[in-house]
$ cat coords15.cif   # mmCIF, C-alpha atoms
data_structure
loop_
_atom_site.label_atom_id
_atom_site.label_comp_id
_atom_site.auth_asym_id
_atom_site.auth_seq_id
_atom_site.Cartn_x
_atom_site.Cartn_y
_atom_site.Cartn_z
CA MET D 9 23.51 -32.62 -29.08
CA LYS D 10 22.43 -29.30 -27.59
CA ARG D 11 24.84 -26.45 -27.00
CA TRP D 12 24.49 -22.71 -26.30
CA ILE D 13 25.92 -20.03 -28.54
CA GLY D 14 25.43 -16.44 -27.47
CA GLY D 15 22.37 -17.38 -25.45
CA VAL D 16 20.69 -19.23 -28.37
CA ALA D 17 20.13 -22.98 -28.14
CA THR D 18 21.38 -25.09 -31.05
CA VAL D 19 20.60 -28.74 -31.79
CA GLY D 20 22.99 -30.24 -34.32
CA SER D 21 23.01 -27.92 -37.31
CA ALA D 22 19.54 -26.56 -36.59
CA THR D 23 19.30 -23.42 -34.53
CA LEU D 24 16.26 -23.10 -32.29
CA VAL D 25 15.50 -19.44 -31.88
CA MET D 26 14.21 -19.13 -28.34
CA LEU D 27 12.52 -15.79 -28.72
CA SER D 28 9.53 -15.30 -30.99
CA ALA D 29 8.78 -12.03 -32.73
CA ALA D 30 6.19 -11.29 -30.08
CA ALA D 31 8.74 -11.87 -27.36
CA TRP D 32 11.08 -9.34 -28.90
CA THR D 33 8.44 -6.63 -28.53
CA ARG D 34 7.21 -7.70 -25.11
CA PRO D 35 9.74 -5.81 -22.96
CA ALA D 36 8.69 -2.46 -24.43
CA SER D 37 5.00 -3.20 -23.93
CA VAL D 38 5.61 -4.35 -20.38
CA ARG D 39 7.51 -1.15 -19.65
CA GLN D 40 4.67 0.87 -21.16
CA ASP D 41 2.06 -0.97 -19.08
CA LYS D 42 4.10 -0.39 -15.92
CA ALA D 43 4.55 3.28 -16.75
CA GLU D 44 0.80 3.67 -17.21
CA GLN D 45 0.16 1.87 -13.92
CA ILE D 46 2.60 4.14 -12.08
CA ALA D 47 1.02 7.22 -13.65
CA ARG D 48 -2.42 6.02 -12.55
CA GLY D 49 -1.13 5.45 -9.02
CA ARG D 50 0.34 8.95 -8.92
CA GLN D 51 -3.00 10.42 -9.98
CA ILE D 52 -4.86 8.58 -7.22
CA VAL D 53 -2.30 9.51 -4.56
CA ILE D 54 -2.69 13.18 -5.49
CA GLN D 55 -6.50 13.01 -5.72
CA GLN D 56 -6.79 11.27 -2.35
CA ASP D 57 -4.50 13.85 -0.70
CA CYS D 58 -2.03 11.30 0.65
CA GLY D 59 0.47 14.12 0.93
CA GLY D 60 -1.88 15.99 3.24
CA CYS D 61 -0.83 13.60 5.99
CA HIS D 62 2.36 12.01 4.68
CA GLY D 63 4.03 15.19 3.43
CA GLY D 64 3.97 17.49 0.44
CA GLY D 65 0.26 18.22 0.25
CA SER D 66 -0.99 17.82 -3.31
CA ASN D 67 2.36 18.78 -4.86
CA PRO D 68 4.71 15.93 -5.85
CA ALA D 69 7.44 18.54 -6.33
CA ALA D 70 7.20 19.73 -2.71
CA LYS D 71 9.95 19.09 -0.21
CA GLY D 72 9.22 16.00 1.86
CA TRP D 73 6.78 14.51 -0.65
CA LEU D 74 5.35 11.39 1.07
CA ALA D 75 8.35 11.28 3.44
CA GLY D 76 6.21 11.16 6.57
CA VAL D 77 6.25 13.21 9.76
CA THR D 78 8.95 15.87 9.92
CA GLY D 79 7.58 17.81 12.90
CA PRO D 80 4.98 17.75 15.71
CA ASP D 81 2.52 19.69 13.57
CA MET D 82 2.10 16.57 11.38
CA GLU D 83 1.21 14.26 14.28
CA PHE D 84 -2.33 13.30 15.30
CA LYS D 85 -3.79 12.92 18.78
CA ILE D 86 -6.27 10.05 18.94
CA GLY D 87 -8.68 9.67 21.82
CA PRO D 88 -10.21 12.08 24.36
CA CYS D 89 -6.98 14.08 24.38
CA TYR D 90 -7.94 15.37 20.94
CA VAL D 91 -10.26 17.72 22.84
CA ASP D 92 -8.62 17.78 26.27
CA PRO D 93 -4.80 17.30 26.19
CA ALA D 94 -4.90 15.95 29.75
CA ALA D 95 -7.56 13.32 29.04
CA LYS D 96 -6.78 9.61 28.80
CA PRO D 97 -6.30 7.40 26.91
CA CYS D 98 -4.20 9.37 24.49
CA PHE D 99 -2.40 8.02 21.44
CA THR D 100 -0.07 9.92 19.13
CA THR D 101 -0.06 8.62 15.59
CA ARG D 102 2.56 9.60 13.05
CA PRO D 103 2.08 9.24 9.28
CA LYS D 104 4.79 6.98 7.92
CA ASN D 105 7.43 7.56 5.29
CA LEU D 106 5.88 6.13 2.11
CA THR D 107 8.92 6.59 -0.13
CA PRO D 108 10.85 3.45 -1.14
CA ASP D 109 13.73 3.98 1.26
CA ASN D 110 14.88 0.55 2.44
CA ALA D 111 15.64 1.53 6.01
CA ASN D 112 12.91 4.03 6.85
CA GLY D 113 10.28 3.79 4.13
CA THR D 114 8.47 1.18 2.03
CA GLY D 115 11.54 -0.08 0.21
CA ARG D 116 11.68 -3.33 2.17
CA PHE D 117 8.05 -4.17 1.42
CA THR D 118 6.69 -5.77 -1.74
CA GLU D 119 3.91 -4.30 -3.82
CA ARG D 120 1.64 -7.05 -2.48
CA GLN D 121 2.38 -6.05 1.12
CA ILE D 122 1.45 -2.47 0.24
CA PHE D 123 -1.68 -3.72 -1.54
CA ASN D 124 -2.66 -5.72 1.55
CA ALA D 125 -2.17 -2.63 3.70
CA LEU D 126 -4.55 -0.66 1.49
CA ARG D 127 -7.12 -3.44 1.08
CA TYR D 128 -7.10 -4.89 4.60
CA GLY D 129 -5.46 -2.21 6.73
CA LEU D 130 -2.68 -4.56 7.76
CA ARG D 131 0.66 -3.10 8.80
CA PRO D 132 3.19 -4.37 6.23
CA GLU D 133 5.79 -4.69 8.98
CA GLU D 134 3.88 -7.65 10.44
CA THR D 135 2.18 -9.01 7.32
CA PRO D 136 3.90 -11.50 4.99
CA ASP D 137 4.00 -11.22 1.23
CA ALA D 138 0.98 -13.45 0.59
CA GLU D 139 -2.33 -13.33 -1.24
CA ILE D 140 -5.12 -12.86 1.27
CA SER D 141 -8.48 -14.43 0.41
CA GLY D 142 -10.65 -13.34 3.34
CA THR D 143 -10.89 -11.25 6.47
CA THR D 144 -11.39 -13.98 9.07
CA PRO D 145 -8.35 -14.03 11.39
CA GLY D 146 -6.30 -17.17 10.91
CA LYS D 147 -7.90 -18.11 7.58
CA GLY D 148 -7.02 -17.40 3.96
CA ASN D 149 -3.61 -15.97 4.97
CA PHE D 150 -5.30 -13.30 7.10
CA PRO D 151 -3.20 -12.94 10.28
CA LEU D 152 -4.56 -14.62 13.39
CA HIS D 153 -3.69 -11.50 15.38
CA PRO D 154 -3.90 -8.66 12.86
CA HIS D 155 -1.92 -5.47 13.41
CA TYR D 156 -3.85 -2.64 11.80
CA LEU D 157 -2.68 0.70 10.47
CA ALA D 158 -3.13 3.48 12.99
CA PRO D 159 -5.86 6.10 12.60
CA PRO D 160 -6.46 8.39 10.83
CA MET D 161 -5.32 6.32 7.83
CA PRO D 162 -8.65 5.87 5.96
CA TRP D 163 -8.03 2.36 4.65
CA MET D 164 -11.58 1.42 5.67
CA ALA D 165 -12.77 3.45 2.66
CA TRP D 166 -9.80 2.69 0.43
CA ARG D 167 -10.43 -1.08 0.67
CA HIS D 168 -13.46 -0.61 -1.57
CA MET D 169 -11.35 0.73 -4.46
CA PRO D 170 -10.91 -1.56 -7.48
CA ASP D 171 -7.94 -3.91 -7.32
CA ALA D 172 -6.33 -2.12 -10.27
CA ASP D 173 -6.33 1.19 -8.41
CA LEU D 174 -4.73 -0.27 -5.28
CA TRP D 175 -2.08 -2.06 -7.34
CA ALA D 176 -1.41 1.22 -9.15
CA ILE D 177 -0.85 3.02 -5.83
CA ALA D 178 1.55 0.28 -4.75
CA ALA D 179 3.43 0.50 -8.05
CA TYR D 180 3.77 4.27 -7.74
CA LEU D 181 5.04 4.13 -4.16
CA LYS D 182 7.60 1.44 -5.07
CA ASN D 183 8.71 2.68 -8.48
CA GLY D 184 7.57 6.26 -9.02
CA VAL D 185 8.92 8.07 -5.96
CA LYS D 186 12.53 8.77 -5.01
CA PRO D 187 13.64 7.30 -1.67
CA ASN D 188 13.78 9.71 1.24
CA PRO D 189 15.67 8.59 4.38
CA ASN D 190 13.41 10.50 6.78
CA LYS D 191 12.93 8.35 9.88
CA VAL D 192 9.51 8.43 11.52
CA ALA D 193 8.93 7.17 15.05
CA ASP D 194 6.33 4.44 15.37
CA SER D 195 2.80 5.46 16.30
CA ASP D 196 1.33 4.89 19.73
CA GLY D 197 -1.50 2.41 19.97
CA PRO D 198 -3.39 -0.05 22.17
CA PRO D 199 -1.94 -3.53 22.75
CA ASP D 200 -4.36 -5.07 20.26
CA PHE D 201 -3.11 -2.77 17.47
CA TRP D 202 -6.61 -1.30 16.99
CA ALA D 203 -8.22 -4.71 16.39
CA SER D 204 -11.10 -3.87 18.73
CA GLU D 205 -11.84 -0.78 16.62
CA MET D 206 -11.65 -2.51 13.24
CA THR D 207 -14.69 -4.76 13.64
CA VAL D 208 -17.51 -5.14 11.13
CA ASP D 209 -19.89 -3.41 13.54
CA LYS D 210 -17.68 -0.32 13.56
CA ILE D 211 -16.23 -0.11 10.04
CA GLY D 212 -18.76 -2.09 8.00
CA PRO D 213 -18.32 -5.26 5.96
CA TYR D 214 -15.98 -5.98 3.09
CA PRO D 215 -17.11 -6.37 0.40
CA ALA D 216 -19.87 -3.83 0.88
CA LEU D 217 -23.44 -5.12 1.01
CA ALA D 218 -25.20 -5.43 -2.31
CA PHE D 219 -27.23 -2.51 -3.62
CA PRO D 220 -29.81 -1.56 -2.51
CA THR D 221 -29.64 -1.73 1.28
CA GLU D 222 -32.53 -0.65 3.49
CA ASN D 223 -31.23 2.94 3.28
CA GLU D 224 -31.17 3.04 -0.53
CA LYS D 225 -33.65 2.87 -3.34
CA LYS D 226 -33.47 1.46 -6.83
#

$ encode --input "coords15.cif" --output "C-alpha coordinates"
Amino acid sequence: MKRWIGGVATVGSATLVMLSAAAWTRPASVRQDKAEQIARGRQIVIQQDCGGCHGGGSNPAAKGWLAGVTGPDMEFKIGPCYVDPAAKPCFTTRPKNLTPDNANGTGRFTERQIFNALRYGLRPEETPDAEISGTTPGKGNFPLHPHYLAPPMPWMAWRHMPDADLWAIAAYLKNGVKPNPNKVADSDGPPDFWASEMTVDKIGPYPALAFPTENEKK
(Lines of atoms letter the chains of each structure in order from A and count residues from 1; the text may use other names and numbers.)
(Lines give C-alpha, C1' and ligand atoms only; values in the text may rest on other atoms or scores of the structure.)
Protein backbone atom coordinates (compact mmCIF):
# COMPACT_ATOMS: atom_id res chain seq x y z
CA MET A 1 0.00 0.00 0.00
CA LYS A 2 1.40 3.38 -1.03
CA ARG A 3 0.74 6.53 0.92
CA TRP A 4 2.28 10.02 1.04
CA ILE A 5 3.83 11.52 4.15
CA GLY A 6 5.21 15.03 3.88
CA GLY A 7 5.69 14.64 0.15
CA VAL A 8 7.65 11.35 0.48
CA ALA A 9 6.18 8.14 -0.90
CA THR A 10 6.03 5.15 1.46
CA VAL A 11 5.31 1.52 0.58
CA GLY A 12 4.45 -0.55 3.64
CA SER A 13 7.21 0.02 6.16
CA ALA A 14 9.78 0.91 3.51
CA THR A 15 10.21 4.55 2.67
CA LEU A 16 11.13 5.36 -0.92
CA VAL A 17 13.09 8.57 -0.92
CA MET A 18 12.08 10.29 -4.13
CA LEU A 19 14.98 12.68 -4.34
CA SER A 20 18.53 11.49 -4.85
CA ALA A 21 21.54 13.34 -3.50
CA ALA A 22 22.12 14.78 -6.95
CA ALA A 23 18.56 16.03 -7.07
CA TRP A 24 19.02 17.89 -3.81
CA THR A 25 21.85 19.93 -5.34
CA ARG A 26 20.22 20.42 -8.74
CA PRO A 27 18.14 23.53 -7.94
CA ALA A 28 21.24 25.51 -6.96
CA SER A 29 23.12 24.46 -10.09
CA VAL A 30 20.14 25.28 -12.27
CA ARG A 31 19.90 28.72 -10.70
CA GLN A 32 23.62 29.23 -11.27
CA ASP A 33 23.36 28.18 -14.93
CA LYS A 34 20.42 30.54 -15.45
CA ALA A 35 22.28 33.39 -13.75
CA GLU A 36 25.27 32.83 -16.03
CA GLN A 37 22.99 32.74 -19.08
CA ILE A 38 21.32 36.01 -18.06
CA ALA A 39 24.71 37.63 -17.46
CA ARG A 40 25.86 36.50 -20.91
CA GLY A 41 22.70 37.93 -22.47
CA ARG A 42 23.25 41.25 -20.70
CA GLN A 43 26.80 41.42 -22.06
CA ILE A 44 25.63 40.81 -25.63
CA VAL A 45 22.80 43.35 -25.37
CA ILE A 46 25.28 45.99 -24.21
CA GLN A 47 27.92 45.05 -26.81
CA GLN A 48 25.39 45.12 -29.65
CA ASP A 49 24.07 48.53 -28.54
CA CYS A 50 20.45 47.42 -28.25
CA GLY A 51 19.89 50.43 -26.02
CA GLY A 52 21.02 52.72 -28.82
CA CYS A 53 17.63 52.17 -30.44
CA HIS A 54 15.49 50.74 -27.64
CA GLY A 55 16.53 53.18 -24.91
CA GLY A 56 19.35 53.72 -22.45
CA GLY A 57 22.30 53.59 -24.81
CA SER A 58 25.01 51.32 -23.42
CA ASN A 59 24.07 52.00 -19.79
CA PRO A 60 21.73 49.51 -18.09
CA ALA A 61 21.35 52.01 -15.24
CA ALA A 62 19.99 54.72 -17.56
CA LYS A 63 16.40 55.85 -17.41
CA GLY A 64 14.28 54.05 -19.99
CA TRP A 65 16.69 51.13 -20.39
CA LEU A 66 15.24 49.02 -23.25
CA ALA A 67 11.80 50.59 -22.71
CA GLY A 68 11.40 51.60 -26.35
CA VAL A 69 10.49 54.90 -27.98
CA THR A 70 9.79 57.74 -25.58
CA GLY A 71 9.90 60.59 -28.11
CA PRO A 72 10.02 61.41 -31.84
CA ASP A 73 13.81 61.62 -31.74
CA MET A 74 13.92 57.82 -31.28
CA GLU A 75 11.80 57.07 -34.35
CA PHE A 76 13.17 56.09 -37.76
CA LYS A 77 12.00 57.16 -41.21
CA ILE A 78 12.27 54.33 -43.71
CA GLY A 79 12.08 54.95 -47.44
CA PRO A 80 12.76 57.96 -49.68
CA CYS A 81 11.48 60.27 -46.95
CA TYR A 82 14.70 59.57 -45.06
CA VAL A 83 16.26 62.09 -47.46
CA ASP A 84 13.21 64.07 -48.56
CA PRO A 85 10.44 64.30 -45.89
CA ALA A 86 7.85 64.82 -48.63
CA ALA A 87 8.85 61.74 -50.64
CA LYS A 88 6.76 58.58 -50.73
CA PRO A 89 6.50 55.86 -49.63
CA CYS A 90 7.37 56.77 -46.08
CA PHE A 91 7.28 54.47 -43.07
CA THR A 92 7.89 55.42 -39.45
CA THR A 93 9.32 52.61 -37.38
CA ARG A 94 9.45 52.70 -33.61
CA PRO A 95 11.77 50.51 -31.52
CA LYS A 96 9.67 48.40 -29.19
CA ASN A 97 9.65 48.11 -25.42
CA LEU A 98 11.87 45.09 -24.73
CA THR A 99 11.31 44.96 -20.97
CA PRO A 100 9.13 42.11 -19.62
CA ASP A 101 6.05 44.24 -19.04
CA ASN A 102 3.02 42.05 -19.76
CA ALA A 103 0.91 44.73 -21.39
CA ASN A 104 3.42 46.80 -23.34
CA GLY A 105 6.66 44.82 -23.45
CA THR A 106 7.89 41.26 -23.93
CA GLY A 107 6.27 39.85 -20.80
CA ARG A 108 3.56 38.01 -22.73
CA PHE A 109 6.07 36.29 -25.00
CA THR A 110 8.07 33.16 -24.22
CA GLU A 111 11.82 32.93 -24.50
CA ARG A 112 11.33 30.80 -27.62
CA GLN A 113 9.22 33.51 -29.26
CA ILE A 114 12.00 36.00 -28.55
CA PHE A 115 14.57 33.52 -29.87
CA ASN A 116 12.54 33.10 -33.07
CA ALA A 117 12.40 36.87 -33.47
CA LEU A 118 16.19 37.09 -33.26
CA ARG A 119 16.89 34.04 -35.43
CA TYR A 120 14.19 34.47 -38.08
CA GLY A 121 13.09 38.10 -37.74
CA LEU A 122 9.53 37.06 -36.95
CA ARG A 123 7.34 39.41 -34.94
CA PRO A 124 6.51 37.54 -31.71
CA GLU A 125 3.02 39.04 -31.76
CA GLU A 126 2.13 36.86 -34.75
CA THR A 127 4.44 33.89 -34.19
CA PRO A 128 3.47 30.95 -31.97
CA ASP A 129 5.69 29.41 -29.33
CA ALA A 130 7.08 26.65 -31.55
CA GLU A 131 10.43 25.28 -32.66
CA ILE A 132 11.10 26.39 -36.23
CA SER A 133 13.14 24.03 -38.40
CA GLY A 134 13.44 25.97 -41.64
CA THR A 135 12.78 29.23 -43.44
CA THR A 136 10.36 28.03 -46.13
CA PRO A 137 6.95 29.64 -45.52
CA GLY A 138 4.39 27.08 -44.43
CA LYS A 139 6.95 24.39 -43.56
CA GLY A 140 8.75 23.43 -40.37
CA ASN A 141 6.52 25.75 -38.30
CA PHE A 142 7.67 28.76 -40.32
CA PRO A 143 4.59 30.96 -40.86
CA LEU A 144 2.96 30.77 -44.27
CA HIS A 145 2.66 34.55 -44.29
CA PRO A 146 5.55 35.76 -42.13
CA HIS A 147 5.36 39.11 -40.38
CA TYR A 148 8.89 40.44 -40.06
CA LEU A 149 10.40 42.88 -37.59
CA ALA A 150 10.53 46.40 -38.98
CA PRO A 151 13.81 47.98 -40.09
CA PRO A 152 16.29 48.99 -38.82
CA MET A 153 16.29 45.98 -36.47
CA PRO A 154 19.41 44.11 -37.70
CA TRP A 155 18.12 40.57 -37.17
CA MET A 156 19.52 39.62 -40.58
CA ALA A 157 22.98 39.71 -38.98
CA TRP A 158 21.90 38.52 -35.54
CA ARG A 159 20.46 35.28 -36.99
CA HIS A 160 24.01 34.08 -37.55
CA MET A 161 24.85 34.23 -33.83
CA PRO A 162 25.23 30.89 -32.02
CA ASP A 163 22.05 29.48 -30.52
CA ALA A 164 23.47 29.90 -27.01
CA ASP A 165 23.92 33.64 -27.52
CA LEU A 166 20.37 34.15 -28.79
CA TRP A 167 18.93 32.11 -25.92
CA ALA A 168 21.02 34.18 -23.52
CA ILE A 169 19.57 37.42 -24.92
CA ALA A 170 16.06 36.01 -24.55
CA ALA A 171 16.77 34.95 -20.96
CA TYR A 172 18.09 38.41 -20.09
CA LEU A 173 15.12 40.22 -21.59
CA LYS A 174 12.67 37.93 -19.76
CA ASN A 175 14.44 37.57 -16.43
CA GLY A 176 17.17 40.18 -16.08
CA VAL A 177 15.33 43.44 -16.76
CA LYS A 178 12.66 45.14 -14.66
CA PRO A 179 9.31 45.67 -16.42
CA ASN A 180 8.66 49.16 -17.72
CA PRO A 181 5.06 50.03 -18.72
CA ASN A 182 6.10 52.42 -21.50
CA LYS A 183 3.66 51.97 -24.38
CA VAL A 184 5.08 52.21 -27.89
CA ALA A 185 2.87 52.71 -30.93
CA ASP A 186 3.19 50.05 -33.61
CA SER A 187 5.51 50.74 -36.51
CA ASP A 188 4.29 51.63 -39.98
CA GLY A 189 4.93 49.10 -42.70
CA PRO A 190 3.82 47.70 -46.05
CA PRO A 191 0.91 45.25 -46.18
CA ASP A 192 3.27 42.30 -46.58
CA PHE A 193 5.08 43.17 -43.33
CA TRP A 194 8.41 43.58 -45.18
CA ALA A 195 8.27 40.07 -46.68
CA SER A 196 9.27 41.40 -50.11
CA GLU A 197 12.40 42.91 -48.55
CA MET A 198 13.42 39.84 -46.55
CA THR A 199 14.21 37.56 -49.47
CA VAL A 200 17.39 35.53 -49.90
CA ASP A 201 18.42 37.74 -52.82
CA LYS A 202 18.33 40.80 -50.57
CA ILE A 203 19.46 39.56 -47.15
CA GLY A 204 21.43 36.43 -48.03
CA PRO A 205 20.85 32.81 -47.06
CA TYR A 206 20.58 31.24 -43.64
CA PRO A 207 22.71 29.42 -42.75
CA ALA A 208 25.47 31.34 -44.47
CA LEU A 209 27.23 29.66 -47.39
CA ALA A 210 30.19 27.48 -46.50
CA PHE A 211 33.65 29.01 -46.43
CA PRO A 212 35.20 29.90 -48.80
CA THR A 213 32.84 31.59 -51.23
CA GLU A 214 34.03 33.06 -54.52
CA ASN A 215 34.91 36.28 -52.65
CA GLU A 216 37.10 34.55 -50.06
CA LYS A 217 40.32 32.62 -50.00
CA LYS A 218 41.55 29.78 -47.86

$ resolve_selection --input "coords15.cif" --expression "the PyMOL selection byres ((chain D and resi 182) around 12)" --output "ChimeraX atom specification"
/D:42,45-46,49-50,74,106-110,113-123,175-181,183-187

$ atom_distance --input "coords15.cif" --atom1 "CA of Lys104 (chain D)" --atom2 "CA of Pro154 (chain D)"
18.6 Å

$ closest_residue --input "coords15.cif" --among "D:Trp73, D:Trp202, D:Phe219, D:Phe150" --to "Arg127 (chain D)" --atoms "all atoms listed in the file"
D:Phe150

$ residues_around --input "coords15.cif" --residues "Thr207 (chain D)" --least-positions-apart "2" --cutoff "12 Å" --atoms "only C-alpha atoms" --output "MDAnalysis selection string"
chainID D and resid 128:129 143:145 154 156 164 202:205 209:214

$ resolve_selection --input "coords15.cif" --expression "the PyMOL selection byres ((chain D and resi 78) around 9)" --output "list in words"
Gly63, Gly72, Ala75, Gly76, Val77, Gly79, Pro80, Asp81, Met82, Asn190, Lys191 and Val192 of chain D

$ residues_around --input "coords15.cif" --residues "region 85-101 of chain D" --least-positions-apart "4" --cutoff "12 Å" --atoms "only C-alpha atoms" --output "NGL selection string"
:D and (61-62 or 76-77 or 80-81 or 157-161 or 192-199 or 201-202)

$ atom_distance --input "coords15.cif" --atom1 "CA of Ile54 (chain D)" --atom2 "CA of Asn124 (chain D)"
20.2 Å

$ resolve_selection --input "coords15.cif" --expression "the PyMOL selection byres ((chain D and resi 66) around 6)" --output "PyMOL selection string"
chain D and resi 54+57+59+65+67

$ atom_distance --input "coords15.cif" --atom1 "CA of Pro215 (chain D)" --atom2 "CA of Val53 (chain D)"
22.3 Å

$ decode --input "coords15.cif" --residues "region 57-81 of chain D" --atoms "N, CA and C atoms" --output "mmCIF file, in the first residue's frame"
data_model
loop_
_atom_site.group_PDB
_atom_site.id
_atom_site.type_symbol
_atom_site.label_atom_id
_atom_site.label_comp_id
_atom_site.auth_asym_id
_atom_site.auth_seq_id
_atom_site.Cartn_x
_atom_site.Cartn_y
_atom_site.Cartn_z
ATOM 1 N N ASP D 57 24.691 47.202 -28.614
ATOM 2 C CA ASP D 57 24.069 48.530 -28.545
ATOM 3 C C ASP D 57 22.558 48.481 -28.757
ATOM 4 N N CYS D 58 21.917 47.490 -28.159
ATOM 5 C CA CYS D 58 20.452 47.422 -28.251
ATOM 6 C C CYS D 58 19.816 48.690 -27.690
ATOM 7 N N GLY D 59 20.422 49.221 -26.634
ATOM 8 C CA GLY D 59 19.888 50.427 -26.023
ATOM 9 C C GLY D 59 20.030 51.659 -26.890
ATOM 10 N N GLY D 60 20.881 51.591 -27.916
ATOM 11 C CA GLY D 60 21.020 52.722 -28.815
ATOM 12 C C GLY D 60 19.733 53.019 -29.553
ATOM 13 N N CYS D 61 18.930 51.984 -29.798
ATOM 14 C CA CYS D 61 17.629 52.168 -30.437
ATOM 15 C C CYS D 61 16.480 52.033 -29.437
ATOM 16 N N HIS D 62 16.611 51.071 -28.525
ATOM 17 C CA HIS D 62 15.490 50.740 -27.641
ATOM 18 C C HIS D 62 15.517 51.494 -26.311
ATOM 19 N N GLY D 63 16.512 52.337 -26.106
ATOM 20 C CA GLY D 63 16.526 53.179 -24.913
ATOM 21 C C GLY D 63 17.642 52.848 -23.943
ATOM 22 N N GLY D 64 18.326 53.886 -23.463
ATOM 23 C CA GLY D 64 19.346 53.720 -22.448
ATOM 24 C C GLY D 64 20.760 53.667 -22.958
ATOM 25 N N GLY D 65 20.948 53.653 -24.269
ATOM 26 C CA GLY D 65 22.304 53.593 -24.810
ATOM 27 C C GLY D 65 23.013 52.331 -24.367
ATOM 28 N N SER D 66 24.228 52.473 -23.887
ATOM 29 C CA SER D 66 25.008 51.324 -23.418
ATOM 30 C C SER D 66 25.041 51.264 -21.899
ATOM 31 N N ASN D 67 24.079 51.900 -21.246
ATOM 32 C CA ASN D 67 24.069 52.001 -19.789
ATOM 33 C C ASN D 67 22.809 51.370 -19.207
ATOM 34 N N PRO D 68 22.908 50.156 -18.665
ATOM 35 C CA PRO D 68 21.728 49.505 -18.087
ATOM 36 C C PRO D 68 21.117 50.267 -16.920
ATOM 37 N N ALA D 69 21.871 51.220 -16.358
ATOM 38 C CA ALA D 69 21.350 52.011 -15.243
ATOM 39 C C ALA D 69 20.610 53.260 -15.720
ATOM 40 N N ALA D 70 20.609 53.504 -17.022
ATOM 41 C CA ALA D 70 19.992 54.716 -17.558
ATOM 42 C C ALA D 70 18.475 54.636 -17.509
ATOM 43 N N LYS D 71 17.850 55.774 -17.383
ATOM 44 C CA LYS D 71 16.399 55.848 -17.407
ATOM 45 C C LYS D 71 15.883 55.364 -18.766
ATOM 46 N N GLY D 72 14.850 54.545 -18.744
ATOM 47 C CA GLY D 72 14.282 54.050 -19.993
ATOM 48 C C GLY D 72 15.055 52.930 -20.636
ATOM 49 N N TRP D 73 15.889 52.228 -19.845
ATOM 50 C CA TRP D 73 16.689 51.134 -20.390
ATOM 51 C C TRP D 73 15.794 50.106 -21.084
ATOM 52 N N LEU D 74 15.946 49.983 -22.395
ATOM 53 C CA LEU D 74 15.244 49.018 -23.250
ATOM 54 C C LEU D 74 13.721 49.183 -23.233
ATOM 55 N N ALA D 75 13.249 50.355 -22.825
ATOM 56 C CA ALA D 75 11.800 50.593 -22.711
ATOM 57 C C ALA D 75 11.172 51.071 -24.006
ATOM 58 N N GLY D 76 11.956 51.216 -25.058
ATOM 59 C CA GLY D 76 11.401 51.601 -26.348
ATOM 60 C C GLY D 76 11.271 53.105 -26.514
ATOM 61 N N VAL D 77 10.615 53.492 -27.602
ATOM 62 C CA VAL D 77 10.487 54.898 -27.980
ATOM 63 C C VAL D 77 9.783 55.702 -26.895
ATOM 64 N N THR D 78 10.395 56.810 -26.538
ATOM 65 C CA THR D 78 9.786 57.742 -25.580
ATOM 66 C C THR D 78 9.630 59.134 -26.181
ATOM 67 N N GLY D 79 10.032 59.301 -27.443
ATOM 68 C CA GLY D 79 9.897 60.589 -28.106
ATOM 69 C C GLY D 79 10.205 60.467 -29.581
ATOM 70 N N PRO D 80 9.810 61.460 -30.380
ATOM 71 C CA PRO D 80 10.024 61.415 -31.837
ATOM 72 C C PRO D 80 11.483 61.254 -32.235
ATOM 73 N N ASP D 81 12.395 61.706 -31.395
ATOM 74 C CA ASP D 81 13.812 61.622 -31.739
ATOM 75 C C ASP D 81 14.312 60.177 -31.784
#
